[in-house]
$ cat model05.cif   # mmCIF, C-alpha atoms
data_start
#
loop_
_atom_site.label_atom_id
_atom_site.label_comp_id
_atom_site.auth_asym_id
_atom_site.auth_seq_id
_atom_site.Cartn_x
_atom_site.Cartn_y
_atom_site.Cartn_z
CA MET G 17 16.00 10.18 60.96
CA THR G 18 19.11 8.02 61.36
CA ARG G 19 20.86 6.04 58.64
CA PHE G 20 19.49 2.98 60.45
CA ASP G 21 15.94 4.19 59.80
CA GLU G 22 16.84 4.72 56.15
CA PHE G 23 18.30 1.19 56.01
CA LEU G 24 15.12 -0.33 57.49
CA LYS G 25 13.08 1.52 54.89
CA ALA G 26 15.33 0.38 52.02
CA ASN G 27 15.19 -3.18 53.34
CA GLU G 28 11.41 -3.28 52.94
CA ALA G 29 11.80 -3.03 49.17
CA PHE G 30 14.66 -5.57 49.15
CA ALA G 31 12.71 -8.11 51.22
CA ALA G 32 9.57 -7.66 49.12
CA SER G 33 11.35 -9.05 46.06
CA PHE G 34 13.69 -11.48 47.87
CA THR G 35 13.83 -14.98 46.35
CA ARG G 36 17.02 -16.58 47.76
CA GLY G 37 15.71 -17.88 51.08
CA ASP G 38 16.61 -21.52 50.45
CA LEU G 39 20.41 -21.44 50.64
CA PRO G 40 22.54 -23.53 53.05
CA MET G 41 24.99 -22.03 55.56
CA PRO G 42 28.27 -23.14 53.87
CA PRO G 43 29.35 -20.90 50.97
CA ALA G 44 28.59 -22.53 47.60
CA ARG G 45 31.91 -21.55 46.01
CA LYS G 46 33.96 -22.54 49.11
CA VAL G 47 36.00 -19.34 49.19
CA ALA G 48 36.61 -16.55 51.71
CA VAL G 49 37.48 -13.01 50.61
CA VAL G 50 39.35 -10.64 52.96
CA ALA G 51 38.76 -7.06 51.81
CA CYS G 52 38.92 -3.49 53.07
CA MET G 53 35.85 -1.82 54.61
CA ASP G 54 36.21 1.10 52.14
CA ALA G 55 32.88 2.53 50.98
CA ARG G 56 33.95 2.56 47.32
CA LEU G 57 34.71 -1.16 47.25
CA HIS G 58 31.75 -3.56 47.02
CA PRO G 59 33.56 -6.90 46.81
CA GLU G 60 30.53 -8.89 45.67
CA LYS G 61 29.92 -6.57 42.71
CA ALA G 62 33.58 -6.21 41.79
CA LEU G 63 34.25 -9.97 41.83
CA GLY G 64 30.94 -11.39 40.60
CA ILE G 65 29.92 -12.96 43.93
CA ASP G 66 26.25 -13.96 44.17
CA ILE G 67 24.20 -14.41 47.35
CA GLY G 68 25.31 -17.66 49.01
CA ASP G 69 28.67 -17.85 47.17
CA ALA G 70 31.42 -16.70 49.53
CA HIS G 71 32.36 -15.49 52.99
CA VAL G 72 33.32 -11.83 52.84
CA ILE G 73 35.45 -10.58 55.74
CA ARG G 74 36.11 -6.85 55.81
CA ASN G 75 38.10 -4.55 58.08
CA ALA G 76 40.15 -1.37 57.88
CA GLY G 77 42.78 -2.18 55.26
CA GLY G 78 41.60 -5.73 54.59
CA ARG G 79 44.33 -6.92 56.96
CA ALA G 80 44.85 -10.66 57.33
CA GLN G 81 45.87 -10.64 61.00
CA ASP G 82 42.53 -9.10 61.88
CA ALA G 83 40.69 -11.72 59.80
CA LEU G 84 42.35 -14.85 61.19
CA ARG G 85 39.60 -15.71 63.72
CA SER G 86 37.00 -15.46 60.96
CA LEU G 87 39.07 -17.45 58.46
CA VAL G 88 39.56 -20.31 60.93
CA ILE G 89 35.78 -20.48 61.49
CA SER G 90 35.18 -20.22 57.73
CA GLN G 91 37.50 -23.15 56.97
CA GLN G 92 37.15 -25.41 59.99
CA LEU G 93 33.39 -25.14 60.43
CA LEU G 94 31.99 -24.00 57.08
CA GLY G 95 34.21 -25.71 54.53
CA THR G 96 35.90 -22.90 52.58
CA ARG G 97 39.07 -24.02 50.76
CA GLU G 98 40.53 -20.83 49.25
CA ILE G 99 41.39 -17.28 50.39
CA VAL G 100 41.53 -14.08 48.33
CA VAL G 101 42.97 -10.89 49.91
CA LEU G 102 41.76 -7.66 48.30
CA HIS G 103 43.24 -4.24 49.14
CA HIS G 104 42.62 -1.09 47.06
CA THR G 105 44.10 2.16 45.78
CA ASP G 106 43.64 5.43 47.75
CA CYS G 107 43.29 3.44 50.99
CA GLY G 108 42.96 5.31 54.27
CA MET G 109 45.57 3.00 55.80
CA LEU G 110 48.20 4.78 53.68
CA THR G 111 47.46 8.13 55.33
CA PHE G 112 48.50 7.76 58.98
CA THR G 113 50.92 6.21 61.45
CA ASN G 114 50.04 4.55 64.74
CA GLU G 115 51.64 7.48 66.56
CA GLN G 116 49.51 10.06 64.69
CA LEU G 117 46.29 8.15 65.35
CA ALA G 118 47.17 7.64 69.02
CA ALA G 119 47.79 11.38 69.37
CA LYS G 120 44.40 12.17 67.79
CA ILE G 121 42.60 9.68 70.04
CA ALA G 122 44.31 11.10 73.11
CA ALA G 123 43.31 14.64 72.07
CA ASP G 124 39.73 13.90 70.94
CA LEU G 125 38.68 11.08 73.29
CA GLY G 126 41.13 11.35 76.17
CA VAL G 127 42.08 7.68 75.79
CA ASN G 128 45.67 6.43 75.77
CA VAL G 129 46.17 3.81 73.03
CA ALA G 130 49.93 4.25 72.75
CA GLY G 131 51.54 1.02 71.58
CA GLN G 132 48.39 -0.32 69.91
CA ASP G 133 48.88 -1.37 66.28
CA PHE G 134 46.07 -0.11 64.03
CA LEU G 135 47.74 -1.93 61.09
CA PRO G 136 48.41 1.03 58.76
CA PHE G 137 50.80 0.54 55.85
CA ALA G 138 53.09 2.73 53.74
CA ASP G 139 53.25 0.57 50.56
CA LEU G 140 50.05 -0.82 49.06
CA GLU G 141 51.51 -3.70 47.00
CA GLN G 142 53.74 -4.72 49.91
CA SER G 143 50.71 -4.76 52.24
CA VAL G 144 49.09 -7.36 49.98
CA ARG G 145 52.26 -9.46 49.80
CA ASP G 146 52.64 -9.20 53.59
CA ASP G 147 49.07 -10.37 54.21
CA VAL G 148 49.33 -13.29 51.78
CA ALA G 149 52.61 -14.32 53.44
CA PHE G 150 51.10 -13.95 56.92
CA LEU G 151 48.33 -16.38 56.01
CA ARG G 152 50.67 -18.77 54.14
CA ASN G 153 52.89 -18.96 57.24
CA SER G 154 50.05 -19.31 59.76
CA PRO G 155 49.79 -22.75 61.38
CA LEU G 156 46.02 -22.19 61.44
CA ILE G 157 45.71 -22.15 57.62
CA PRO G 158 46.22 -25.55 55.90
CA LYS G 159 49.11 -25.63 53.42
CA ASP G 160 46.92 -26.83 50.52
CA ILE G 161 44.60 -23.78 50.64
CA PRO G 162 45.31 -21.49 47.63
CA ILE G 163 45.87 -17.89 48.79
CA SER G 164 45.85 -14.97 46.35
CA GLY G 165 46.29 -11.23 46.80
CA ALA G 166 45.08 -8.41 44.59
CA ILE G 167 44.44 -4.67 44.41
CA TYR G 168 41.17 -2.99 43.42
CA ASP G 169 41.51 0.37 41.67
CA VAL G 170 38.78 2.68 42.99
CA ARG G 171 39.12 4.90 39.88
CA THR G 172 38.62 2.17 37.28
CA GLY G 173 36.90 -0.71 39.13
CA ARG G 174 39.67 -3.00 37.89
CA VAL G 175 41.36 -5.71 40.02
CA HIS G 176 44.96 -6.71 39.36
CA GLU G 177 46.84 -9.65 40.78
CA VAL G 178 49.72 -9.04 43.19
CA ALA G 179 50.59 -12.42 44.71
CA ARG G 180 49.73 -16.11 44.84
CA ALA G 181 50.94 -18.53 47.48
CA MET E 29 41.16 -22.77 37.77
CA THR E 30 40.87 -21.15 41.21
CA ARG E 31 38.03 -18.98 42.45
CA PHE E 32 40.55 -16.13 42.20
CA ASP E 33 40.85 -16.73 38.46
CA GLU E 34 37.06 -16.73 38.20
CA PHE E 35 36.95 -13.44 40.18
CA LEU E 36 39.52 -11.82 37.84
CA LYS E 37 37.42 -12.88 34.86
CA ALA E 38 34.19 -11.57 36.39
CA ASN E 39 35.94 -8.31 37.27
CA GLU E 40 36.71 -7.63 33.60
CA ALA E 41 33.00 -7.26 32.89
CA PHE E 42 32.47 -5.16 36.04
CA ALA E 43 35.34 -2.79 35.21
CA ALA E 44 34.23 -2.45 31.58
CA SER E 45 31.00 -0.77 32.68
CA PHE E 46 32.32 0.97 35.83
CA THR E 47 31.30 4.61 36.15
CA ARG E 48 31.89 5.50 39.83
CA GLY E 49 35.58 6.36 39.76
CA ASP E 50 35.20 9.90 41.07
CA LEU E 51 34.23 9.30 44.70
CA PRO E 52 36.12 10.63 47.75
CA MET E 53 37.57 8.40 50.48
CA PRO E 54 35.14 9.36 53.33
CA PRO E 55 31.77 7.54 53.15
CA ALA E 56 29.04 9.83 51.79
CA ARG E 57 26.41 8.73 54.31
CA LYS E 58 28.84 8.86 57.27
CA VAL E 59 27.89 5.46 58.66
CA ALA E 60 29.72 2.21 59.43
CA VAL E 61 27.94 -1.15 59.31
CA VAL E 62 29.28 -4.12 61.32
CA ALA E 63 27.91 -7.34 59.81
CA CYS E 64 28.57 -11.06 59.67
CA MET E 65 30.73 -12.57 56.90
CA ASP E 66 27.91 -15.02 56.03
CA ALA E 67 27.63 -15.77 52.31
CA ARG E 68 23.85 -15.31 52.31
CA LEU E 69 24.04 -11.76 53.67
CA HIS E 70 25.02 -9.00 51.23
CA PRO E 71 24.73 -5.93 53.48
CA GLU E 72 24.83 -3.39 50.65
CA LYS E 73 21.91 -5.03 48.84
CA ALA E 74 19.89 -5.70 51.98
CA LEU E 75 20.23 -2.14 53.31
CA GLY E 76 20.25 -0.11 50.09
CA ILE E 77 23.91 0.97 50.32
CA ASP E 78 25.38 2.38 47.11
CA ILE E 79 29.05 2.52 46.12
CA GLY E 80 30.70 5.25 48.22
CA ASP E 81 28.00 5.32 50.90
CA ALA E 82 29.23 3.45 53.97
CA HIS E 83 32.05 1.52 55.59
CA VAL E 84 31.13 -2.16 55.80
CA ILE E 85 33.07 -4.17 58.39
CA ARG E 86 32.45 -7.92 58.36
CA ASN E 87 33.69 -10.82 60.46
CA ALA E 88 32.47 -14.16 61.78
CA GLY E 89 29.31 -13.25 63.68
CA GLY E 90 29.50 -9.51 63.03
CA ARG E 91 31.09 -9.14 66.46
CA ALA E 92 31.77 -5.62 67.72
CA GLN E 93 34.92 -6.44 69.70
CA ASP E 94 36.56 -7.64 66.51
CA ALA E 95 35.48 -4.48 64.67
CA LEU E 96 36.72 -1.89 67.17
CA ARG E 97 40.05 -1.13 65.43
CA SER E 98 38.20 -0.56 62.15
CA LEU E 99 35.46 1.56 63.79
CA VAL E 100 38.03 3.84 65.42
CA ILE E 101 39.73 4.41 62.06
CA SER E 102 36.30 4.91 60.41
CA GLN E 103 35.29 7.59 62.91
CA GLN E 104 38.54 9.30 63.80
CA LEU E 105 40.07 9.46 60.33
CA LEU E 106 37.16 9.14 57.88
CA GLY E 107 34.32 10.95 59.57
CA THR E 108 31.59 8.34 60.13
CA ARG E 109 29.08 9.34 62.81
CA GLU E 110 26.77 6.31 63.22
CA ILE E 111 27.13 2.54 63.72
CA VAL E 112 24.72 -0.24 62.70
CA VAL E 113 25.36 -3.81 63.95
CA LEU E 114 23.76 -6.52 61.77
CA HIS E 115 23.67 -10.21 62.80
CA HIS E 116 21.47 -12.83 61.06
CA THR E 117 19.40 -15.97 61.54
CA ASP E 118 20.96 -19.44 61.07
CA CYS E 119 24.39 -18.04 61.99
CA GLY E 120 27.35 -20.41 62.25
CA MET E 121 28.30 -18.76 65.54
CA LEU E 122 25.27 -20.46 67.13
CA THR E 123 26.62 -23.93 66.27
CA PHE E 124 29.80 -24.37 68.33
CA THR E 125 31.61 -23.61 71.58
CA ASN E 126 35.21 -22.47 71.96
CA GLU E 127 36.06 -25.86 73.44
CA GLN E 128 34.60 -27.75 70.46
CA LEU E 129 36.43 -25.58 67.94
CA ALA E 130 39.70 -25.86 69.88
CA ALA E 131 39.35 -29.66 69.89
CA LYS E 132 38.77 -29.68 66.11
CA ILE E 133 41.77 -27.42 65.47
CA ALA E 134 43.97 -29.60 67.68
CA ALA E 135 42.83 -32.73 65.82
CA ASP E 136 42.93 -31.33 62.26
CA LEU E 137 45.83 -28.85 62.41
CA GLY E 138 47.78 -29.94 65.47
CA VAL E 139 47.62 -26.43 66.93
CA ASN E 140 46.69 -25.68 70.54
CA VAL E 141 44.29 -22.70 70.72
CA ALA E 142 42.83 -23.57 74.12
CA GLY E 143 41.67 -20.43 75.90
CA GLN E 144 41.21 -18.40 72.70
CA ASP E 145 37.78 -16.81 72.34
CA PHE E 146 36.35 -17.25 68.83
CA LEU E 147 33.31 -15.19 69.93
CA PRO E 148 30.51 -17.75 69.40
CA PHE E 149 27.10 -17.07 70.92
CA ALA E 150 24.14 -19.11 72.11
CA ASP E 151 21.38 -16.48 71.79
CA LEU E 152 21.08 -14.43 68.60
CA GLU E 153 19.08 -11.45 69.91
CA GLN E 154 21.30 -11.27 73.00
CA SER E 155 24.41 -11.25 70.81
CA VAL E 156 23.12 -8.10 69.11
CA ARG E 157 22.27 -6.43 72.42
CA ASP E 158 25.70 -7.41 73.80
CA ASP E 159 27.51 -5.91 70.80
CA VAL E 160 25.52 -2.67 70.89
CA ALA E 161 26.24 -2.39 74.63
CA PHE E 162 29.92 -3.16 74.11
CA LEU E 163 30.22 -0.26 71.67
CA ARG E 164 28.08 2.09 73.78
CA ASN E 165 30.35 1.43 76.76
CA SER E 166 33.63 1.70 74.84
CA PRO E 167 35.70 4.80 75.67
CA LEU E 168 36.82 4.74 72.02
CA ILE E 169 33.30 5.42 70.67
CA PRO E 170 31.97 8.97 71.27
CA LYS E 171 28.77 9.12 73.32
CA ASP E 172 26.84 11.09 70.68
CA ILE E 173 27.25 8.40 67.98
CA PRO E 174 23.90 6.60 67.40
CA ILE E 175 24.34 2.82 67.62
CA SER E 176 21.66 0.41 66.40
CA GLY E 177 21.45 -3.37 66.29
CA ALA E 178 19.35 -5.58 64.01
CA ILE E 179 18.89 -9.11 62.69
CA TYR E 180 18.73 -10.14 59.03
CA ASP E 181 16.54 -13.15 58.27
CA VAL E 182 18.31 -15.29 55.65
CA ARG E 183 14.98 -16.93 54.73
CA THR E 184 13.04 -13.73 54.02
CA GLY E 185 15.68 -11.05 53.43
CA ARG E 186 13.96 -8.96 56.10
CA VAL E 187 15.82 -6.90 58.77
CA HIS E 188 14.25 -6.29 62.16
CA GLU E 189 15.41 -3.92 64.86
CA VAL E 190 16.73 -5.33 68.14
CA ALA E 191 18.35 -2.42 69.98
CA ARG E 192 19.21 1.28 69.86
CA ALA E 193 21.65 3.01 72.15
#
$ encode --input "model05.cif" --output "structure tokens"
Amino acid sequence: MTRFDEFLKANEAFAASFTRGDLPMPPARKVAVVACMDARLHPEKALGIDIGDAHVIRNAGGRAQDALRSLVISQQLLGTREIVVLHHTDCGMLTFTNEQLAAKIAADLGVNVAGQDFLPFADLEQSVRDDVAFLRNSPLIPKDIPISGAIYDVRTGRVHEVARA
Amino acid sequence: MTRFDEFLKANEAFAASFTRGDLPMPPARKVAVVACMDARLHPEKALGIDIGDAHVIRNAGGRAQDALRSLVISQQLLGTREIVVLHHTDCGMLTFTNEQLAAKIAADLGVNVAGQDFLPFADLEQSVRDDVAFLRNSPLIPKDIPISGAIYDVRTGRVHEVARA
């Protein structure tokens, strides 16, 4: 039995009591969150986001560069007008360099990815400031869109503000 | 008051009753989900994913190409051994072409993105099959990793299987 089979089984119970089938495509609260994929971070729970409220974009690290395509679609086609970047403590992106990961991939998979940037970081707070600045300076993000950056503490569940731009 | 301020306020209540601060970095159920950013889809709720269980990667459309960096990190550094791709009905990616979006961006932002692929699709089921095939054929994804693809119905909350590879 795969995890997929377990998910299908769990979904039967979810669908049986589902009552939010009438919502429009654009997010009600007109905001997009960029967060890490980490298993311990559930952005909707941590930030009080209900079904239909917000776009939630997630990738390894919650990196803004990797989210830009999605953010442009979110704003230009679906009307969101604010961005929140959410990284977290004990992030896997703090634990490796591009060179180390490339060496592991070469050894385990026989694939050469030398030169590819997997977007790790060495300083958590700086990674949030960098991603907020990246978005603030992007010509694809309108200048009147508020952009905030924060850190989620996986030990306490608490979010603290790092940057606004 | 920004949405960010509202999120910080909501987080106070979440953190006050938080009890899952003891979990390790690798996902307990060793699975990564690739899903759309859509506001109506909360993958954890729909699939029965608890805090600490699974990596959840989300982008516009739930496209696999855009998730590859994150999946490699998930598998090579954090031990996940299965992938589930989850697209959904009434997806924004069904509503535009690259040319239309490029024209809107040129008109609204004055930026030329002609030639950039924003990964829209015209056929929902085919988009899932394409993304499962993309991952199955990637040299960066080991051949023994089960990969499944499914569609979430935003009207009913129900997930149905489209592909396994």
$ resolve_selection --input "model05.cif" --expression "the PyMOL selection byres ((chain E) within 6 of (chain G))" --output "ChimeraX atom specification"
/E:35,38-39,42-43,46,49,55,65-68,74-76,79-88,98,182-186
$ write_last_selection --input "model05.cif" --atoms "C-alpha atoms" --output "PDB file, in the coordinates of the input"
ATOM      1  CA  PHE E  35      36.950 -13.440  40.180  1.00  0.00           C
ATOM      2  CA  ALA E  38      34.190 -11.570  36.390  1.00  0.00           C
ATOM      3  CA  ASN E  39      35.940  -8.310  37.270  1.00  0.00           C
ATOM      4  CA  PHE E  42      32.470  -5.160  36.040  1.00  0.00           C
ATOM      5  CA  ALA E  43      35.340  -2.790  35.210  1.00  0.00           C
ATOM      6  CA  PHE E  46      32.320   0.970  35.830  1.00  0.00           C
ATOM      7  CA  GLY E  49      35.580   6.360  39.760  1.00  0.00           C
ATOM      8  CA  PRO E  55      31.770   7.540  53.150  1.00  0.00           C
ATOM      9  CA  MET E  65      30.730 -12.570  56.900  1.00  0.00           C
ATOM     10  CA  ASP E  66      27.910 -15.020  56.030  1.00  0.00           C
ATOM     11  CA  ALA E  67      27.630 -15.770  52.310  1.00  0.00           C
ATOM     12  CA  ARG E  68      23.850 -15.310  52.310  1.00  0.00           C
ATOM     13  CA  ALA E  74      19.890  -5.700  51.980  1.00  0.00           C
ATOM     14  CA  LEU E  75      20.230  -2.140  53.310  1.00  0.00           C
ATOM     15  CA  GLY E  76      20.250  -0.110  50.090  1.00  0.00           C
ATOM     16  CA  ILE E  79      29.050   2.520  46.120  1.00  0.00           C
ATOM     17  CA  GLY E  80      30.700   5.250  48.220  1.00  0.00           C
ATOM     18  CA  ASP E  81      28.000   5.320  50.900  1.00  0.00           C
ATOM     19  CA  ALA E  82      29.230   3.450  53.970  1.00  0.00           C
ATOM     20  CA  HIS E  83      32.050   1.520  55.590  1.00  0.00           C
ATOM     21  CA  VAL E  84      31.130  -2.160  55.800  1.00  0.00           C
ATOM     22  CA  ILE E  85      33.070  -4.170  58.390  1.00  0.00           C
ATOM     23  CA  ARG E  86      32.450  -7.920  58.360  1.00  0.00           C
ATOM     24  CA  ASN E  87      33.690 -10.820  60.460  1.00  0.00           C
ATOM     25  CA  ALA E  88      32.470 -14.160  61.780  1.00  0.00           C
ATOM     26  CA  SER E  98      38.200  -0.560  62.150  1.00  0.00           C
ATOM     27  CA  VAL E 182      18.310 -15.290  55.650  1.00  0.00           C
ATOM     28  CA  ARG E 183      14.980 -16.930  54.730  1.00  0.00           C
ATOM     29  CA  THR E 184      13.040 -13.730  54.020  1.00  0.00           C
ATOM     30  CA  GLY E 185      15.680 -11.050  53.430  1.00  0.00           C
ATOM     31  CA  ARG E 186      13.960  -8.960  56.100  1.00  0.00           C
TER      32      ARG E 186
END
$ atom_distance --input "model05.cif" --atom1 "CA of Asp146 in chain G" --atom2 "CA of Ile167 in chain G"
13.1 Å
$ atom_distance --input "model05.cif" --atom1 "CA of Ala181 in chain G" --atom2 "CA of Ala149 in chain G"
7.5 Å
$ atom_distance --input "model05.cif" --atom1 "CA of Ala92 in chain E" --atom2 "CA of Arg157 in chain E"
10.6 Å
$ closest_residue --input "model05.cif" --among "E:Val190, E:Ala135, E:Ala142, E:Ile173" --to "Gln154 in chain E" --atoms "all atoms listed in the file"
E:Val190
$ closest_residue --input "model05.cif" --among "E:Asn165, E:Gln103, E:Gln128, E:Ser155" --to "Gly143 in chain E" --atoms "all atoms listed in the file"
E:Gln128
$ build_atoms --input "model05.cif" --residues "range 150-164 of chain G" --atoms "N, CA, C and O atoms" --output "PDB file, keeping the file's coordinate frame"
ATOM      1  N   PHE G 150      51.564 -13.699  55.551  1.00  0.00           N
ATOM      2  CA  PHE G 150      51.100 -13.950  56.920  1.00  0.00           C
ATOM      3  C   PHE G 150      50.199 -15.180  56.965  1.00  0.00           C
ATOM      4  O   PHE G 150      50.349 -16.055  57.817  1.00  0.00           O
ATOM      5  N   LEU G 151      49.268 -15.256  56.025  1.00  0.00           N
ATOM      6  CA  LEU G 151      48.330 -16.380  56.010  1.00  0.00           C
ATOM      7  C   LEU G 151      49.047 -17.676  55.607  1.00  0.00           C
ATOM      8  O   LEU G 151      48.803 -18.738  56.182  1.00  0.00           O
ATOM      9  N   ARG G 152      49.939 -17.577  54.602  1.00  0.00           N
ATOM     10  CA  ARG G 152      50.670 -18.770  54.140  1.00  0.00           C
ATOM     11  C   ARG G 152      51.509 -19.364  55.271  1.00  0.00           C
ATOM     12  O   ARG G 152      51.696 -20.580  55.351  1.00  0.00           O
ATOM     13  N   ASN G 153      52.021 -18.506  56.150  1.00  0.00           N
ATOM     14  CA  ASN G 153      52.890 -18.960  57.240  1.00  0.00           C
ATOM     15  C   ASN G 153      52.125 -19.277  58.519  1.00  0.00           C
ATOM     16  O   ASN G 153      52.728 -19.721  59.499  1.00  0.00           O
ATOM     17  N   SER G 154      50.817 -19.051  58.538  1.00  0.00           N
ATOM     18  CA  SER G 154      50.050 -19.310  59.760  1.00  0.00           C
ATOM     19  C   SER G 154      49.805 -20.807  59.943  1.00  0.00           C
ATOM     20  O   SER G 154      49.322 -21.480  59.022  1.00  0.00           O
ATOM     21  N   PRO G 155      50.087 -21.339  61.113  1.00  0.00           N
ATOM     22  CA  PRO G 155      49.790 -22.750  61.380  1.00  0.00           C
ATOM     23  C   PRO G 155      48.294 -23.037  61.389  1.00  0.00           C
ATOM     24  O   PRO G 155      47.897 -24.207  61.343  1.00  0.00           O
ATOM     25  N   LEU G 156      47.475 -22.004  61.409  1.00  0.00           N
ATOM     26  CA  LEU G 156      46.020 -22.190  61.440  1.00  0.00           C
ATOM     27  C   LEU G 156      45.404 -22.287  60.038  1.00  0.00           C
ATOM     28  O   LEU G 156      44.204 -22.541  59.910  1.00  0.00           O
ATOM     29  N   ILE G 157      46.209 -22.053  59.006  1.00  0.00           N
ATOM     30  CA  ILE G 157      45.710 -22.150  57.620  1.00  0.00           C
ATOM     31  C   ILE G 157      46.394 -23.346  56.946  1.00  0.00           C
ATOM     32  O   ILE G 157      47.618 -23.354  56.792  1.00  0.00           O
ATOM     33  N   PRO G 158      45.620 -24.361  56.517  1.00  0.00           N
ATOM     34  CA  PRO G 158      46.220 -25.550  55.900  1.00  0.00           C
ATOM     35  C   PRO G 158      47.070 -25.194  54.676  1.00  0.00           C
ATOM     36  O   PRO G 158      46.757 -24.251  53.938  1.00  0.00           O
ATOM     37  N   LYS G 159      48.133 -25.955  54.471  1.00  0.00           N
ATOM     38  CA  LYS G 159      49.110 -25.630  53.420  1.00  0.00           C
ATOM     39  C   LYS G 159      48.563 -25.826  52.008  1.00  0.00           C
ATOM     40  O   LYS G 159      49.119 -25.300  51.040  1.00  0.00           O
ATOM     41  N   ASP G 160      47.467 -26.593  51.861  1.00  0.00           N
ATOM     42  CA  ASP G 160      46.920 -26.830  50.520  1.00  0.00           C
ATOM     43  C   ASP G 160      45.817 -25.850  50.133  1.00  0.00           C
ATOM     44  O   ASP G 160      45.161 -26.018  49.097  1.00  0.00           O
ATOM     45  N   ILE G 161      45.602 -24.820  50.955  1.00  0.00           N
ATOM     46  CA  ILE G 161      44.600 -23.780  50.640  1.00  0.00           C
ATOM     47  C   ILE G 161      45.248 -22.755  49.711  1.00  0.00           C
ATOM     48  O   ILE G 161      46.220 -22.102  50.103  1.00  0.00           O
ATOM     49  N   PRO G 162      44.749 -22.556  48.481  1.00  0.00           N
ATOM     50  CA  PRO G 162      45.310 -21.490  47.630  1.00  0.00           C
ATOM     51  C   PRO G 162      45.013 -20.114  48.244  1.00  0.00           C
ATOM     52  O   PRO G 162      43.897 -19.859  48.701  1.00  0.00           O
ATOM     53  N   ILE G 163      46.021 -19.252  48.265  1.00  0.00           N
ATOM     54  CA  ILE G 163      45.870 -17.890  48.790  1.00  0.00           C
ATOM     55  C   ILE G 163      46.341 -16.921  47.715  1.00  0.00           C
ATOM     56  O   ILE G 163      47.457 -17.052  47.201  1.00  0.00           O
ATOM     57  N   SER G 164      45.487 -15.960  47.363  1.00  0.00           N
ATOM     58  CA  SER G 164      45.850 -14.970  46.350  1.00  0.00           C
ATOM     59  C   SER G 164      45.685 -13.573  46.940  1.00  0.00           C
ATOM     60  O   SER G 164      44.903 -13.368  47.873  1.00  0.00           O
TER      61      SER G 164
END
